[in-house]
>>> print(open('protein.txt').read())   # compact mmCIF, C-alpha atoms and all ligand atoms
# COMPACT_ATOMS: atom_id res chain seq x y z
CA MET A 1 0.00 0.00 0.00
CA SER A 2 1.38 3.35 -0.97
CA GLN A 3 2.09 6.06 1.53
CA ARG A 4 -0.53 8.77 2.05
CA ARG A 5 0.76 12.09 0.78
CA LEU A 6 0.18 15.67 1.90
CA PRO A 7 -0.18 17.68 -1.34
CA VAL A 8 0.84 21.34 -1.11
CA TYR A 9 -0.07 23.68 -3.96
CA LEU A 10 1.51 27.13 -4.26
CA ILE A 11 -0.42 29.53 -6.48
CA LEU A 12 1.75 32.55 -7.30
CA ASP A 13 0.69 35.81 -8.89
CA CYS A 14 3.20 36.72 -11.62
CA SER A 15 1.33 39.73 -13.01
CA GLU A 16 3.21 42.88 -14.06
CA SER A 17 2.54 44.63 -10.77
CA MET A 18 4.84 42.04 -9.14
CA ILE A 19 7.78 43.36 -11.17
CA GLY A 20 10.98 44.29 -9.36
CA GLU A 21 11.54 43.61 -5.68
CA SER A 22 8.25 41.70 -5.18
CA ILE A 23 8.87 38.90 -7.66
CA ALA A 24 12.52 38.62 -6.62
CA SER A 25 11.45 38.26 -2.98
CA VAL A 26 8.80 35.66 -3.81
CA GLN A 27 11.43 33.74 -5.79
CA LYS A 28 13.68 33.72 -2.73
CA GLY A 29 10.72 32.76 -0.56
CA VAL A 30 9.91 29.69 -2.67
CA ASP A 31 13.57 28.60 -2.59
CA LEU A 32 13.57 29.05 1.17
CA LEU A 33 10.36 27.06 1.62
CA LEU A 34 11.76 24.15 -0.39
CA ARG A 35 15.02 24.21 1.61
CA GLN A 36 13.16 24.26 4.93
CA LEU A 37 10.90 21.38 3.97
CA ARG A 38 13.76 19.28 2.59
CA SER A 39 15.57 19.59 5.90
CA ASP A 40 12.57 18.21 7.80
CA PRO A 41 12.26 14.38 7.90
CA HIS A 42 8.47 14.45 8.40
CA ALA A 43 7.92 16.85 5.53
CA LEU A 44 10.37 14.96 3.34
CA GLU A 45 8.35 11.81 3.85
CA THR A 46 4.86 13.24 3.50
CA ALA A 47 4.73 16.59 1.71
CA TYR A 48 4.46 16.79 -2.09
CA VAL A 49 4.69 20.19 -3.73
CA SER A 50 3.27 21.75 -6.87
CA VAL A 51 3.57 25.32 -8.17
CA ILE A 52 0.99 27.11 -10.30
CA THR A 53 1.73 30.61 -11.64
CA PHE A 54 -0.69 33.04 -13.26
CA HIS A 55 -0.61 36.21 -15.35
CA ALA A 56 -2.62 36.37 -18.58
CA THR A 57 -2.89 32.60 -18.31
CA ALA A 58 -2.37 30.04 -15.57
CA GLN A 59 0.16 27.24 -15.82
CA GLN A 60 1.35 24.46 -13.56
CA VAL A 61 5.10 25.06 -13.64
CA VAL A 62 5.85 22.28 -11.14
CA PRO A 63 3.67 19.17 -11.20
CA LEU A 64 2.92 17.60 -7.83
CA SER A 65 6.23 15.96 -6.91
CA GLU A 66 8.12 14.75 -3.90
CA LEU A 67 10.40 17.36 -2.37
CA THR A 68 13.65 15.86 -3.58
CA GLU A 69 12.41 16.10 -7.16
CA VAL A 70 11.01 19.63 -7.12
CA GLN A 71 13.01 22.14 -9.16
CA ALA A 72 12.35 25.68 -7.97
CA PRO A 73 10.67 27.44 -10.93
CA ARG A 74 12.07 30.68 -12.36
CA LEU A 75 9.31 33.24 -11.89
CA GLU A 76 8.71 35.78 -14.64
CA VAL A 77 6.18 38.58 -14.76
CA ARG A 78 3.73 39.07 -17.62
CA PRO A 79 0.63 41.25 -18.08
CA GLY A 80 -2.68 40.11 -16.63
CA THR A 81 -4.05 38.65 -13.39
CA SER A 82 -6.07 35.61 -14.38
CA LEU A 83 -6.95 34.36 -10.94
CA GLY A 84 -10.07 32.63 -12.26
CA ALA A 85 -7.94 30.59 -14.66
CA ALA A 86 -5.60 29.72 -11.78
CA PHE A 87 -8.49 28.38 -9.70
CA LYS A 88 -9.76 26.30 -12.59
CA LEU A 89 -6.31 24.88 -13.19
CA LEU A 90 -5.94 24.10 -9.49
CA ARG A 91 -9.21 22.17 -9.57
CA ASP A 92 -8.03 20.15 -12.59
CA CYS A 93 -4.62 19.44 -11.05
CA ILE A 94 -6.12 18.26 -7.77
CA HIS A 95 -8.57 16.09 -9.67
CA ARG A 96 -5.74 14.51 -11.66
CA GLU A 97 -2.94 14.33 -9.10
CA VAL A 98 -4.44 13.74 -5.69
CA ARG A 99 -5.29 10.13 -4.89
CA LYS A 100 -8.83 9.52 -3.78
CA THR A 101 -9.87 7.17 -1.03
CA THR A 102 -11.23 3.89 -2.38
CA THR A 103 -12.23 0.61 -0.74
CA ALA A 104 -8.72 -0.64 -1.54
CA GLN A 105 -6.70 2.32 -0.21
CA LYS A 106 -6.80 5.44 1.86
CA GLY A 107 -6.36 8.47 -0.39
CA ASP A 108 -4.03 11.41 0.10
CA TYR A 109 -4.61 14.02 2.78
CA ARG A 110 -6.65 17.03 1.84
CA PRO A 111 -4.33 19.37 -0.08
CA ILE A 112 -3.09 22.63 1.42
CA VAL A 113 -3.23 25.57 -0.99
CA PHE A 114 -1.35 28.85 -0.51
CA LEU A 115 -2.37 31.62 -2.86
CA LEU A 116 -0.20 34.74 -3.05
CA THR A 117 -1.59 37.73 -4.95
CA ASP A 118 -1.20 41.50 -5.09
CA GLY A 119 -4.05 42.52 -7.33
CA GLN A 120 -7.55 42.19 -8.64
CA PRO A 121 -8.40 39.54 -11.23
CA THR A 122 -8.46 40.72 -14.86
CA ASP A 123 -10.40 37.70 -16.07
CA ASP A 124 -14.15 37.78 -15.98
CA TRP A 125 -15.78 37.66 -12.61
CA ALA A 126 -18.45 35.11 -13.55
CA ALA A 127 -15.75 32.63 -14.56
CA VAL A 128 -13.92 33.26 -11.28
CA LYS A 129 -17.10 32.65 -9.31
CA LYS A 130 -17.84 29.47 -11.20
CA ALA A 131 -14.35 28.13 -10.63
CA ILE A 132 -14.46 29.13 -6.98
CA GLY A 133 -17.89 27.58 -6.55
CA GLN A 134 -16.60 24.25 -7.70
CA VAL A 135 -13.57 24.53 -5.46
CA THR A 136 -15.75 25.42 -2.50
CA ASN A 137 -18.35 22.70 -2.59
CA PRO A 138 -17.31 20.12 -1.63
CA ARG A 139 -14.04 21.32 -0.13
CA ILE A 140 -11.27 19.80 -2.19
CA ALA A 141 -8.49 21.61 -0.34
CA ASN A 142 -7.68 23.75 2.67
CA MET A 143 -7.21 27.07 0.95
CA TYR A 144 -5.32 30.05 2.33
CA ALA A 145 -4.87 33.36 0.58
CA ILE A 146 -2.23 35.95 1.31
CA GLY A 147 -3.05 39.33 -0.21
CA CYS A 148 -0.20 41.81 -0.47
CA GLY A 149 -0.49 45.57 -0.80
CA ASP A 150 -3.39 47.93 -1.42
CA ASP A 151 -4.88 46.58 -4.64
CA VAL A 152 -6.20 43.30 -3.27
CA ASP A 153 -9.93 42.56 -3.31
CA PHE A 154 -10.23 40.73 0.01
CA THR A 155 -13.97 40.14 -0.42
CA MET A 156 -13.23 37.95 -3.41
CA LEU A 157 -10.48 36.08 -1.58
CA HIS A 158 -12.91 35.33 1.25
CA GLU A 159 -15.30 33.75 -1.21
CA ALA A 160 -12.62 31.36 -2.37
CA CYS A 161 -10.51 30.58 0.67
CA ASP A 162 -10.79 29.21 4.20
CA ALA A 163 -8.70 31.98 5.70
CA VAL A 164 -7.32 35.21 4.33
CA PHE A 165 -4.20 37.05 5.41
CA ARG A 166 -2.60 40.36 4.52
CA LEU A 167 0.92 41.62 4.14
CA ASP A 168 1.02 45.42 3.82
CA GLU A 169 4.03 45.44 1.51
CA MET A 170 6.22 42.91 -0.29
CA THR A 171 9.62 43.71 1.12
CA PRO A 172 12.28 40.95 1.12
CA GLU A 173 12.22 40.83 4.94
CA LYS A 174 8.43 40.50 5.22
CA LEU A 175 8.18 37.89 2.49
CA LYS A 176 10.94 35.90 4.14
CA LYS A 177 8.94 35.80 7.39
CA LEU A 178 5.83 34.82 5.45
CA PHE A 179 7.54 31.89 3.74
CA ILE A 180 9.16 30.72 6.99
CA TRP A 181 5.67 30.64 8.47
CA LEU A 182 4.22 28.76 5.50
CA SER A 183 6.95 26.14 5.70
CA ALA A 184 6.46 25.80 9.46
CA SER A 185 2.76 25.23 8.78
CA VAL A 186 3.48 22.47 6.29
CA GLN A 187 5.95 20.95 8.74
CA SER A 188 3.29 20.93 11.50
CA ALA A 189 0.78 19.44 9.09
CA SER A 190 3.16 16.68 8.04
CA VAL A 191 3.83 15.78 11.68
CA ALA A 192 0.05 15.59 12.23
CA ALA A 193 -0.28 13.47 9.09
CA GLY A 194 2.36 11.06 10.31
CA GLY A 195 0.68 10.64 13.70
CA SER A 196 -2.40 8.63 14.58
CA GLY A 197 -4.54 11.73 14.32
CA GLY A 198 -6.81 10.37 11.61
CA ASP A 199 -7.68 12.06 8.34
CA LYS A 200 -7.03 15.69 9.13
CA ALA A 201 -3.57 16.94 8.40
CA GLY A 202 -4.53 20.56 9.11
CA GLY A 203 -3.56 23.80 7.48
CA VAL A 204 -1.81 26.95 8.59
CA ASP A 205 -0.36 27.03 12.06
CA LEU A 206 -1.73 30.25 13.55
CA THR A 207 0.45 29.95 16.65
CA LYS A 208 3.51 30.52 14.45
CA LYS A 209 2.09 33.41 12.41
CA PRO A 210 4.49 36.39 12.35
CA ALA A 211 3.14 39.77 13.46
CA GLU A 212 3.76 41.19 9.97
CA VAL A 213 1.08 38.87 8.58
CA GLU A 214 -2.38 40.04 9.56
CA GLN A 215 -5.42 37.76 9.53
CA VAL A 216 -8.25 39.46 7.63
CA THR A 217 -11.89 38.93 8.56
CA PRO A 218 -14.70 39.56 6.04
CA GLY A 219 -15.46 43.26 5.72
CA MET A 220 -12.23 44.35 7.35
CA TYR A 221 -10.84 45.88 4.16
CA HIS A 222 -13.15 47.36 1.60
CA HIS A 223 -11.82 48.02 -1.86
CA ASP A 224 -13.70 50.89 -3.51
CA GLY A 225 -12.69 49.78 -6.99
CA THR A 226 -10.20 52.61 -7.61
CA PRO A 227 -6.98 50.87 -8.64
CA ARG A 228 -4.18 51.98 -6.32
CA GLN A 229 -1.66 51.51 -9.08
CA VAL A 230 -1.57 52.05 -12.81
CA PHE A 231 0.93 50.58 -15.26
CA LEU A 232 1.89 51.95 -18.65
CA LYS A 233 3.93 49.97 -21.12
CA SER A 234 6.29 52.34 -22.89
CA TYR A 235 9.08 51.96 -25.44
CA CYS A 236 12.42 53.60 -25.84
CA SER A 237 12.05 55.54 -29.08
CA GLN A 238 15.79 55.19 -29.76
CA LYS A 239 16.52 51.60 -28.68
CA ARG A 240 13.01 50.30 -29.40
CA ARG A 241 12.99 48.31 -26.17
CA PRO A 242 10.04 48.07 -23.77
CA PHE A 243 9.74 49.24 -20.20
CA LEU A 244 6.99 49.51 -17.64
CA ILE A 245 6.11 52.68 -15.71
CA ARG A 246 4.47 52.28 -12.32
CA TYR A 247 2.12 55.00 -11.03
CA ARG A 248 0.77 55.08 -7.50
CA TYR A 249 -2.53 56.68 -6.44
CA LEU A 250 -2.42 59.60 -4.00
CA ASP A 251 -5.69 59.70 -2.07
CA ASP A 252 -5.47 63.35 -1.10
CA GLU A 253 -4.60 64.53 -4.60
CA GLU A 254 -6.83 62.04 -6.42
CA TYR A 255 -4.26 61.42 -9.11
CA TYR A 256 -1.43 59.01 -9.83
CA VAL A 257 2.23 59.86 -9.46
CA ALA A 258 5.06 58.05 -11.27
CA THR A 259 7.09 55.98 -8.82
CA ALA A 260 9.28 53.61 -10.82
CA VAL A 261 10.36 52.30 -14.23
CA TYR A 262 11.31 48.73 -15.02
CA PRO A 263 13.05 47.61 -18.20
CA LEU A 264 11.28 44.59 -19.70
CA GLU A 265 13.21 41.68 -21.20
CA SER A 266 10.99 41.51 -24.20
CA PHE A 267 7.59 42.52 -25.33
CA VAL A 268 5.43 39.54 -24.47
CA ASP A 269 2.09 39.54 -26.17
CA SER A 270 0.12 36.56 -25.01
CA GLY A 271 -2.69 37.38 -27.41
CA VAL A 272 -5.02 37.74 -24.44
CA LYS A 273 -7.06 40.94 -24.52
CA PHE A 274 -7.76 42.69 -21.24
CA GLU A 275 -10.64 44.91 -20.29
CA VAL A 276 -8.47 47.70 -18.93
CA PRO A 277 -9.99 51.13 -19.62
CA PRO A 278 -7.72 53.85 -21.02
CA ILE A 279 -6.77 56.53 -18.51
CA ASN A 280 -6.89 60.31 -18.94
CA SER A 281 -3.48 61.99 -19.04
CA SER A 282 -4.61 64.51 -16.41
CA MET A 283 -4.72 61.64 -13.87
CA LEU A 284 -1.02 60.90 -14.29
CA MET A 285 1.71 63.10 -12.85
CA GLY A 286 5.29 62.87 -13.99
CA VAL A 287 7.28 60.92 -16.54
CA PRO A 288 10.29 59.06 -15.19
CA PRO A 289 13.49 59.01 -17.32
CA CYS A 290 13.72 56.27 -19.94
CA PRO A 291 15.80 53.39 -18.45
CA TYR A 292 17.56 52.86 -21.80
CA CYS A 293 18.47 56.32 -23.13
CA GLY A 294 17.67 58.70 -20.28
CA ASN A 295 15.09 60.68 -22.26
CA GLU A 296 13.16 62.67 -19.69
CA SER A 297 9.86 63.02 -21.42
CA GLY A 298 7.28 60.81 -23.03
CA GLY A 299 4.56 60.89 -25.59
CA VAL A 300 1.76 58.98 -27.21
CA CYS A 301 1.62 58.30 -30.95
CA GLY A 302 -1.57 58.44 -32.98
CA CYS A 303 -1.35 54.64 -33.13
CA GLY A 304 -1.78 54.48 -29.34
CA GLY A 305 1.82 53.48 -28.63
CA ILE A 306 3.65 55.12 -25.72
CA MET A 307 7.33 56.06 -26.03
CA CYS A 308 10.13 58.05 -24.45
CA ALA A 309 10.86 61.49 -25.95
CA PRO A 310 13.56 64.14 -25.49
CA SER A 311 12.87 66.76 -22.83
CA GLN A 312 13.51 69.47 -25.47
CA LEU A 313 10.23 69.72 -27.35
CA PRO A 314 9.12 69.95 -30.05
CA ALA A 315 11.07 67.04 -31.51
CA THR A 316 10.57 64.48 -34.21
CA VAL A 317 10.58 60.93 -32.95
CA ARG A 318 10.17 57.66 -34.81
CA CYS A 319 7.36 55.70 -33.15
CA PRO A 320 8.78 52.30 -32.11
CA HIS A 321 5.33 50.75 -32.61
CA CYS A 322 4.14 51.87 -36.05
CA LEU A 323 7.53 53.21 -37.24
CA GLN A 324 5.99 56.51 -38.41
CA SER A 325 7.68 59.84 -37.71
CA VAL A 326 5.78 61.67 -34.98
CA GLU A 327 5.98 65.34 -34.11
CA MET A 328 6.16 65.59 -30.31
CA ALA A 329 5.11 68.88 -28.75
CA GLU A 330 4.24 70.12 -25.30
CA SER A 331 0.64 69.33 -24.54
CA ASP A 332 -1.59 70.87 -21.91
CA GLY A 333 -4.75 69.20 -23.11
CA ASP A 334 -6.16 65.97 -21.75
CA PHE A 335 -5.83 62.85 -23.83
CA THR A 336 -6.35 59.18 -23.12
CA ILE A 337 -3.53 56.67 -22.67
CA ASN A 338 -3.78 52.90 -22.88
CA GLN A 339 -2.96 51.13 -19.61
CA SER A 340 -1.15 47.88 -19.30
CA ALA A 341 -3.04 45.14 -17.48
CA GLY A 342 -1.10 45.09 -14.20
ZN ZN B 1 14.56 55.97 -24.45
ZN ZN B 2 2.83 54.85 -33.63
>>> encode(input="protein.txt", output="structure tokens", more="lines below")
Ligand SMILES: [Zn+2]
Ligand SMILES: [Zn+2]
Amino acid sequence: MSQRRLPVYLILDCSESMIGESIASVQKGVDLLLRQLRSDPHALETAYVSVITFHATAQQVVPLSELTEVQAPRLEVRPGTSLGAAFKLLRDCIHREVRKTTTAQKGDYRPIVFLLTDGQPTDDWAAVKKAIGQVTNPRIANMYAIGCGDDVDFTMLHEACDAVFRLDEMTPEKLKKLFIWLSASVQSASVAAGGSGGDKAGGVDLTKKPAEVEQVTPGMYHHDGTPRQVFLKSYCSQKRRPFLIRYRYLDDEEYYVATAVYPLESFVDSGVKFEVPPINSSMLMGVPPCPYCGNESGGVCGCGGIMCAPSQLPATVRCPHCLQSVEMAESDGDFTINQSAG
């Protein structure tokens, strides 16, 4: 008779808003979790790990495997936050990978799922609900969500998960504490699974929760729908390489201010179209320097493409999108700009 396993699924948000320090810290966190679990004899014997990532699409980057066989995935950000697709994929993976109890054998323990996200889903809400509904009834897993930052819709997470937690920001130090806690929880659960305790292997160990991680009760955080961050995908007009500009909402001013730029490896078009409304230029304050050529201004071509531009205007710039020559001039008027999907 085969050993009963404790399946652990990590669902990781790899949307654009995770770019920079966040995704690097999550990467370190996953490596740390795997190291911790591999050093624990109970976990080594019982825990099996899978990793699902999501952006425009959801993909299982690590199939459910024993700890010694798990290769830490390289996490990469892409546009989109398809949480609904991630839930659907989770349901399919559990259906396929987790052994059910039959008359001949006891099945695996109920899986533990840790979902880490920093944003609101960009896929359609009805699909999310449907996927969640099927996850919820009957319970196929003990599901825990950790929402990070100010753009998380906690109401939605409550509909999907058994318990919801919050991390106010994704600094390396805070994420490290989070992942130490998650590994400690899996370690506790694998000890319980190895004992004579019956069918329940448990979930998160609240006694070990670090102070930086706050448990969220329904209604505790209300999201009014105003995105706290906006992302624009721009191009260097000289080097024709893409970068992302992050804007942060200022409540008192009621506009967004530029806070960072991130060079992008390549322009990844998944072919998935997002319902992200264009934003009025009057809502955005500041243009950070181009990370490739240092141009200190920016502009929008008639084709809709965004690009860096010299600070001395007017100037003629070749649009890196449609390759037409564009006359860039100072503009006081409002115009609309296409957002990236976060
Ligand atoms: Zn440039
Ligand atoms: Zn153009």
>>> residues_around(input="protein.txt", residues="Asp40 of chain A", least_positions_apart="5", cutoff="9 Å", atoms="only C-alpha atoms", output="list in words")
Arg35, Glu45 and Gln187 of chain A
>>> residues_near_ligand(input="protein.txt", ligand="ligand ZN 1 (chain B)", cutoff="12 Å", atoms="all atoms listed in the file", output="number ranges by chain")
A: 234-243, 261, 263, 287-299, 306-311, 317-320
>>> write_last_selection(input="protein.txt", atoms="C-alpha atoms", output="short mmCIF file (atom, residue, chain, number, x, y, z; two decimals), in the coordinates of the input")
data_model
loop_
_atom_site.label_atom_id
_atom_site.label_comp_id
_atom_site.auth_asym_id
_atom_site.auth_seq_id
_atom_site.Cartn_x
_atom_site.Cartn_y
_atom_site.Cartn_z
CA SER A 234 6.29 52.34 -22.89
CA TYR A 235 9.08 51.96 -25.44
CA CYS A 236 12.42 53.60 -25.84
CA SER A 237 12.05 55.54 -29.08
CA GLN A 238 15.79 55.19 -29.76
CA LYS A 239 16.52 51.60 -28.68
CA ARG A 240 13.01 50.30 -29.40
CA ARG A 241 12.99 48.31 -26.17
CA PRO A 242 10.04 48.07 -23.77
CA PHE A 243 9.74 49.24 -20.20
CA VAL A 261 10.36 52.30 -14.23
CA PRO A 263 13.05 47.61 -18.20
CA VAL A 287 7.28 60.92 -16.54
CA PRO A 288 10.29 59.06 -15.19
CA PRO A 289 13.49 59.01 -17.32
CA CYS A 290 13.72 56.27 -19.94
CA PRO A 291 15.80 53.39 -18.45
CA TYR A 292 17.56 52.86 -21.80
CA CYS A 293 18.47 56.32 -23.13
CA GLY A 294 17.67 58.70 -20.28
CA ASN A 295 15.09 60.68 -22.26
CA GLU A 296 13.16 62.67 -19.69
CA SER A 297 9.86 63.02 -21.42
CA GLY A 298 7.28 60.81 -23.03
CA GLY A 299 4.56 60.89 -25.59
CA ILE A 306 3.65 55.12 -25.72
CA MET A 307 7.33 56.06 -26.03
CA CYS A 308 10.13 58.05 -24.45
CA ALA A 309 10.86 61.49 -25.95
CA PRO A 310 13.56 64.14 -25.49
CA SER A 311 12.87 66.76 -22.83
CA VAL A 317 10.58 60.93 -32.95
CA ARG A 318 10.17 57.66 -34.81
CA CYS A 319 7.36 55.70 -33.15
CA PRO A 320 8.78 52.30 -32.11
#
>>> closest_atom_pairs(input="protein.txt", of="chain A", to="ligand ZN 2 (chain B)", cutoff="9 Å", atoms="all atoms listed in the file", output="tab-separated table")
residue	atom	partner	partner_atom	distance
A:Val300	CA	B:ZN2	ZN	7.7
A:Cys301	CA	B:ZN2	ZN	4.5
A:Gly302	CA	B:ZN2	ZN	5.7
A:Cys303	CA	B:ZN2	ZN	4.2
A:Gly304	CA	B:ZN2	ZN	6.3
A:Gly305	CA	B:ZN2	ZN	5.3
A:Ile306	CA	B:ZN2	ZN	8.0
A:Met307	CA	B:ZN2	ZN	8.9
A:Arg318	CA	B:ZN2	ZN	7.9
A:Cys319	CA	B:ZN2	ZN	4.6
A:Pro320	CA	B:ZN2	ZN	6.6
A:His321	CA	B:ZN2	ZN	4.9
A:Cys322	CA	B:ZN2	ZN	4.1
A:Leu323	CA	B:ZN2	ZN	6.1
A:Gln324	CA	B:ZN2	ZN	6.0
A:Ser325	CA	B:ZN2	ZN	8.1
A:Val326	CA	B:ZN2	ZN	7.6
>>> atom_distance(input="protein.txt", atom1="atom CA of Gln60 of chain A", atom2="atom CA of Asp92 of chain A")
10.4 Å
>>> atom_distance(input="protein.txt", atom1="atom CA of Ala145 of chain A", atom2="atom CA of Leu10 of chain A")
10.1 Å
>>> atom_distance(input="protein.txt", atom1="atom CA of Ala341 of chain A", atom2="atom CA of Met143 of chain A")
26.1 Å
>>> closest_residue(input="protein.txt", among="A:Leu6, A:Ala189, A:Val230, A:Ile146", to="Val164 of chain A", atoms="all atoms listed in the file")
A:Ile146
>>> closest_residue(input="protein.txt", among="A:Asp150, A:Gln36, A:Gln312, A:Ser190", to="Leu250 of chain A", atoms="all atoms listed in the file")
A:Asp150
>>> residues_around(input="protein.txt", residues="Gly202 of chain A", least_positions_apart="5", cutoff="9 Å", atoms="only C-alpha atoms", output="JSON, numbers by chain")
{"A": [110, 112, 142, 185, 186, 188, 189, 190, 192, 193]}
>>> closest_residue(input="protein.txt", among="A:Glu253, A:Glu16, A:Glu69, A:Glu212", to="Asp118 of chain A", atoms="all atoms listed in the file")
A:Glu16
>>> closest_residue(input="protein.txt", among="A:Leu67, A:Met156, A:Ala85, A:Val216", to="Arg5 of chain A", atoms="only C-alpha atoms")
A:Leu67
>>> closest_residue(input="protein.txt", among="A:Gln339, A:Ser331, A:Thr117, A:Ser25", to="Glu173 of chain A", atoms="all atoms listed in the file")
A:Ser25
>>> closest_residue(input="protein.txt", among="A:Thr207, A:Thr155, A:Thr102, A:Ser17", to="Pro227 of chain A", atoms="only C-alpha atoms")
A:Ser17
>>> residues_around(input="protein.txt", residues="Asp168 of chain A", least_positions_apart="3", cutoff="12 Å", atoms="only C-alpha atoms", output="PDB file with C-alpha atoms, keeping the file's coordinate frame")
ATOM      1  CA  THR A 117      -1.590  37.730  -4.950  1.00  0.00           C
ATOM      2  CA  ASP A 118      -1.200  41.500  -5.090  1.00  0.00           C
ATOM      3  CA  ILE A 146      -2.230  35.950   1.310  1.00  0.00           C
ATOM      4  CA  GLY A 147      -3.050  39.330  -0.210  1.00  0.00           C
ATOM      5  CA  CYS A 148      -0.200  41.810  -0.470  1.00  0.00           C
ATOM      6  CA  GLY A 149      -0.490  45.570  -0.800  1.00  0.00           C
ATOM      7  CA  ASP A 150      -3.390  47.930  -1.420  1.00  0.00           C
ATOM      8  CA  ASP A 151      -4.880  46.580  -4.640  1.00  0.00           C
ATOM      9  CA  VAL A 152      -6.200  43.300  -3.270  1.00  0.00           C
ATOM     10  CA  PHE A 165      -4.200  37.050   5.410  1.00  0.00           C
ATOM     11  CA  THR A 171       9.620  43.710   1.120  1.00  0.00           C
ATOM     12  CA  LYS A 174       8.430  40.500   5.220  1.00  0.00           C
ATOM     13  CA  LEU A 175       8.180  37.890   2.490  1.00  0.00           C
ATOM     14  CA  LEU A 178       5.830  34.820   5.450  1.00  0.00           C
ATOM     15  CA  ALA A 211       3.140  39.770  13.460  1.00  0.00           C
ATOM     16  CA  GLU A 212       3.760  41.190   9.970  1.00  0.00           C
ATOM     17  CA  VAL A 213       1.080  38.870   8.580  1.00  0.00           C
ATOM     18  CA  GLU A 214      -2.380  40.040   9.560  1.00  0.00           C
ATOM     19  CA  GLN A 215      -5.420  37.760   9.530  1.00  0.00           C
ATOM     20  CA  VAL A 216      -8.250  39.460   7.630  1.00  0.00           C
ATOM     21  CA  TYR A 221     -10.840  45.880   4.160  1.00  0.00           C
TER      22      TYR A 221
END
>>> residues_near_point(input="protein.txt", point="(5.1, 58.8, -6.3)", cutoff="8 Å", atoms="only C-alpha atoms", output="PDB file with C-alpha atoms, in the coordinates of the input")
ATOM      1  CA  TYR A 247       2.120  55.000 -11.030  1.00  0.00           C
ATOM      2  CA  ARG A 248       0.770  55.080  -7.500  1.00  0.00           C
ATOM      3  CA  TYR A 249      -2.530  56.680  -6.440  1.00  0.00           C
ATOM      4  CA  LEU A 250      -2.420  59.600  -4.000  1.00  0.00           C
ATOM      5  CA  TYR A 256      -1.430  59.010  -9.830  1.00  0.00           C
ATOM      6  CA  VAL A 257       2.230  59.860  -9.460  1.00  0.00           C
ATOM      7  CA  ALA A 258       5.060  58.050 -11.270  1.00  0.00           C
ATOM      8  CA  THR A 259       7.090  55.980  -8.820  1.00  0.00           C
TER       9      THR A 259
END
